[in-house]
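Below is one structure; the comments refer to it alone.
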Amino acid sequence: MASGDTLCYFNALHGEPPASAFATLDTRNAVPVLDFDATTDEAIVFGGLMPRHYAGGGVTVTVGWMASSAITGTISLDAAFMSVTDDADDLDTKAFAAANNANAAPASASGEVQYTTIAFTDGADMDSVAVGEYFRLQITRDANSTTSTDDMVGDAELVFVEIKET
Amino acid sequence: MAILSNIDRHAAWARFMADASSRREPFGTLTKADLRAVVNEIDDWIEANALAFNQAIPLPARTQLTARQKAELLSLVVRHRFEVA
């Protein structure tokens, strides 16, 4: 396989909430979404297995999301990987690698899905997730603008996440 | 009565956005900072006009209702004025 190929896909129902401050499940016209608050940093985690056809390059995470109603402003969106290496990483203690960020504007109309991409280089940037390895991907709305400006009013609603080889 | 604390103003701001998001109400081109300024100004306005509000309440209710009861009545009247039948 090669650059541009989809490696993993997650929808809102695949989300695994962290112990606290998690994005909450909601629906929009019967489509499951995960609501990220406008004032409190909230996160969701997706667990996956890096496919056997992964060629070992960098990856691009695409987050499909909508604003609950806003059409202006931006959100600060973080993505971070955690690799779980065979007989090495302890799920009780393993932490996510440093997050990469996108400062994304909502779609031009409420209800339209905005595709926001966050690139990761191969290696430490994506916690060295290897082919055939279990990994976790954490998506966070940095609502208090720690990394980039988050001034969009109201919730951001995650629809899907795609990981493709860059 | 003093103005709300920063924590309480933050809570009101967050609650409004969460509730409006659940109703998917549009906000025009407003930002979070714009809405926070609205909360601050409303709280300041209430503080500045508290005396006039109290004077508008007829006796004997003015002296017999508690501040909390007057605030609850104000909240209910304002809410009913803007609720769509």
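Residues are referred to by chain and number: the chain letter is A, B, ... according to the order shown in the structure tokens, the number counts from 1 in that chain, and ligands are numbered separately from 1 in the order shown.
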
Determine, counting only C-alpha atoms, which protein, DNA and RNA residues have an atom within 9 Å of an atom of stretch 89-97 of chain A; residues of the same chain fewer than 5 positions away are not included. Present the result as a VMD selection string. chain A and resid 80 to 84 124 to 127 136 to 138

Restricted to C-alpha atoms, what would the selected residues look like written as a PDB file, in the first residue's frame?
```
ATOM      1  CA  ALA A  80      -2.205  12.700  20.061  1.00  0.00           C
ATOM      2  CA  PHE A  81      -1.104   9.091  19.629  1.00  0.00           C
ATOM      3  CA  MET A  82      -0.217   6.425  22.149  1.00  0.00           C
ATOM      4  CA  SER A  83       1.427   3.257  20.833  1.00  0.00           C
ATOM      5  CA  VAL A  84       1.056   0.042  22.792  1.00  0.00           C
ATOM      6  CA  ALA A 124       8.056  10.107  17.915  1.00  0.00           C
ATOM      7  CA  ASP A 125       5.483  12.536  16.559  1.00  0.00           C
ATOM      8  CA  MET A 126       3.025   9.617  16.329  1.00  0.00           C
ATOM      9  CA  ASP A 127       4.571   7.773  19.289  1.00  0.00           C
ATOM     10  CA  ARG A 136      -4.897   4.924  20.882  1.00  0.00           C
ATOM     11  CA  LEU A 137      -5.685   8.279  19.328  1.00  0.00           C
ATOM     12  CA  GLN A 138      -6.912  11.094  21.535  1.00  0.00           C
TER      13      GLN A 138
END
```

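Selected on chain A by distance to chain B: Asp26, Arg28, Asp35, Phe36, Asp37, Ala38, Thr39, Thr40, Ala67, Ser68, Ser69, Ala70, Ile71, Thr72, Gly73, Thr74, Ser110, Gly111, Asp150, Asp151, Met152, Val153, Gly154, Asp155 and Ala156 of chain A (within 10 Å, counting only C-alpha atoms).
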
Tell me, as a ChimeraX atom specification, which residues lie within 12 Å of A:Ser148, counting only C-alpha atoms; anything in the same chain fewer than 4 positions away does not count. /A:73-78,100-105,141-144,152

Produce a file of the selected residues containing C-alpha atoms, as a PDB file, in the first residue's frame.
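New file result-v3.pdb:
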```
ATOM      1  CA  GLY A  73     -14.550  31.696  14.788  1.00  0.00           C
ATOM      2  CA  THR A  74     -12.119  28.828  15.134  1.00  0.00           C
ATOM      3  CA  ILE A  75     -11.539  25.815  17.336  1.00  0.00           C
ATOM      4  CA  SER A  76      -8.232  24.553  18.667  1.00  0.00           C
ATOM      5  CA  LEU A  77      -8.138  20.833  17.925  1.00  0.00           C
ATOM      6  CA  ASP A  78      -5.475  18.534  19.381  1.00  0.00           C
ATOM      7  CA  ASN A 100      -0.367  18.121  17.242  1.00  0.00           C
ATOM      8  CA  ASN A 101      -2.822  20.937  16.725  1.00  0.00           C
ATOM      9  CA  ALA A 102      -5.053  22.416  14.071  1.00  0.00           C
ATOM     10  CA  ASN A 103      -6.725  25.804  14.301  1.00  0.00           C
ATOM     11  CA  ALA A 104      -9.874  25.104  12.334  1.00  0.00           C
ATOM     12  CA  ALA A 105     -12.794  27.251  11.233  1.00  0.00           C
ATOM     13  CA  ARG A 141     -10.951  20.393  21.825  1.00  0.00           C
ATOM     14  CA  ASP A 142      -8.560  22.810  23.485  1.00  0.00           C
ATOM     15  CA  ALA A 143     -11.430  25.097  24.459  1.00  0.00           C
ATOM     16  CA  ASN A 144      -9.301  27.413  26.587  1.00  0.00           C
ATOM     17  CA  MET A 152     -16.022  29.590  18.282  1.00  0.00           C
TER      18      MET A 152
END
```

Which residues, written as number ranges by chain, have at least one atom at most 9 Å from stretch 7-14 of chain A, with only C-alpha atoms counted and residues fewer than 5 positions away on the same chain left out? A: 25-26, 31-34, 45-51, 53-54, 59, 158-165

Saved selection, atoms kept: C-alpha atoms, as a CSV table (one decimal), in the first residue's frame:
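Just written: selection_36.csv:
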```csv
chain,number,residue,atom,x,y,z
A,25,LEU,CA,-22.5,11.4,22.7
A,26,ASP,CA,-25.3,13.2,20.8
A,31,VAL,CA,-26.2,10.8,12.9
A,32,PRO,CA,-24.1,10.0,16.0
A,33,VAL,CA,-21.8,12.8,17.0
A,34,LEU,CA,-19.6,13.7,19.9
A,45,VAL,CA,-10.1,8.4,22.6
A,46,PHE,CA,-10.3,5.9,19.7
A,47,GLY,CA,-8.5,2.6,19.9
A,48,GLY,CA,-7.2,0.9,16.8
A,49,LEU,CA,-4.8,-1.5,15.2
A,50,MET,CA,-2.3,-0.1,12.7
A,51,PRO,CA,-3.2,-2.2,9.6
A,53,HIS,CA,-0.6,-2.7,4.9
A,54,TYR,CA,0.8,0.4,6.7
A,59,VAL,CA,0.1,9.8,8.8
A,158,LEU,CA,-17.2,15.2,15.9
A,159,VAL,CA,-18.6,13.0,13.2
A,160,PHE,CA,-15.7,10.8,12.1
A,161,VAL,CA,-11.9,10.4,12.2
A,162,GLU,CA,-9.8,9.0,9.4
A,163,ILE,CA,-6.2,8.1,9.6
A,164,LYS,CA,-4.4,7.9,6.2
A,165,GLU,CA,-0.8,7.4,5.3
```

Using only C-alpha atoms, which residues sit within 12 Å of B:Glu47 once same-chain residues fewer than 6 positions away are excluded, as a PDB file with C-alpha atoms, in the first residue's frame?
```pdb
ATOM      1  CA  MET B   1     -25.755  42.276  46.607  1.00  0.00           C
ATOM      2  CA  ALA B   2     -22.364  42.159  44.948  1.00  0.00           C
ATOM      3  CA  ILE B   3     -21.714  41.323  41.328  1.00  0.00           C
ATOM      4  CA  LEU B   4     -21.132  37.680  40.431  1.00  0.00           C
ATOM      5  CA  ASN B  40     -20.379  40.721  32.304  1.00  0.00           C
ATOM      6  CA  GLU B  41     -22.403  43.722  31.153  1.00  0.00           C
ATOM      7  CA  PHE B  53     -35.709  47.635  40.602  1.00  0.00           C
ATOM      8  CA  ASN B  54     -36.389  47.421  44.306  1.00  0.00           C
TER       9      ASN B  54
END
```

Selection: 12 Å around stretch 63-79 of chain B, only C-alpha atoms, excl. self and same-chain fewer than 3 positions, as a list in words: Met1, Ile46, Ala50, Leu51, Phe53, Asn54, Gln55, Ala56, Ile57, Pro58, Leu59, Pro60, Phe82, Glu83, Val84 and Ala85 of chain B

Rounded to one decimal, what separation in Å do you get between atom CA of A:Met66 and atom CA of A:Ala109?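 Atom CA of A:Ala109 lies at a distance of 9.0 Å from atom CA of A:Met66.
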
Could you give me, as a ChimeraX atom specification, each residue of stretch 29-68 of chain B that DSSP assigns to helix (DSSP H, G or I) when run on this structure's backbone? /B:32-56,61-64,67-68

Would you please give, as a PyMOL selection string, all residues of stretch 59-124 of chain A that DSSP assigns to strand (DSSP E or B) based on the backbone? chain A and resi 59-67+75-84+100-104+114-120
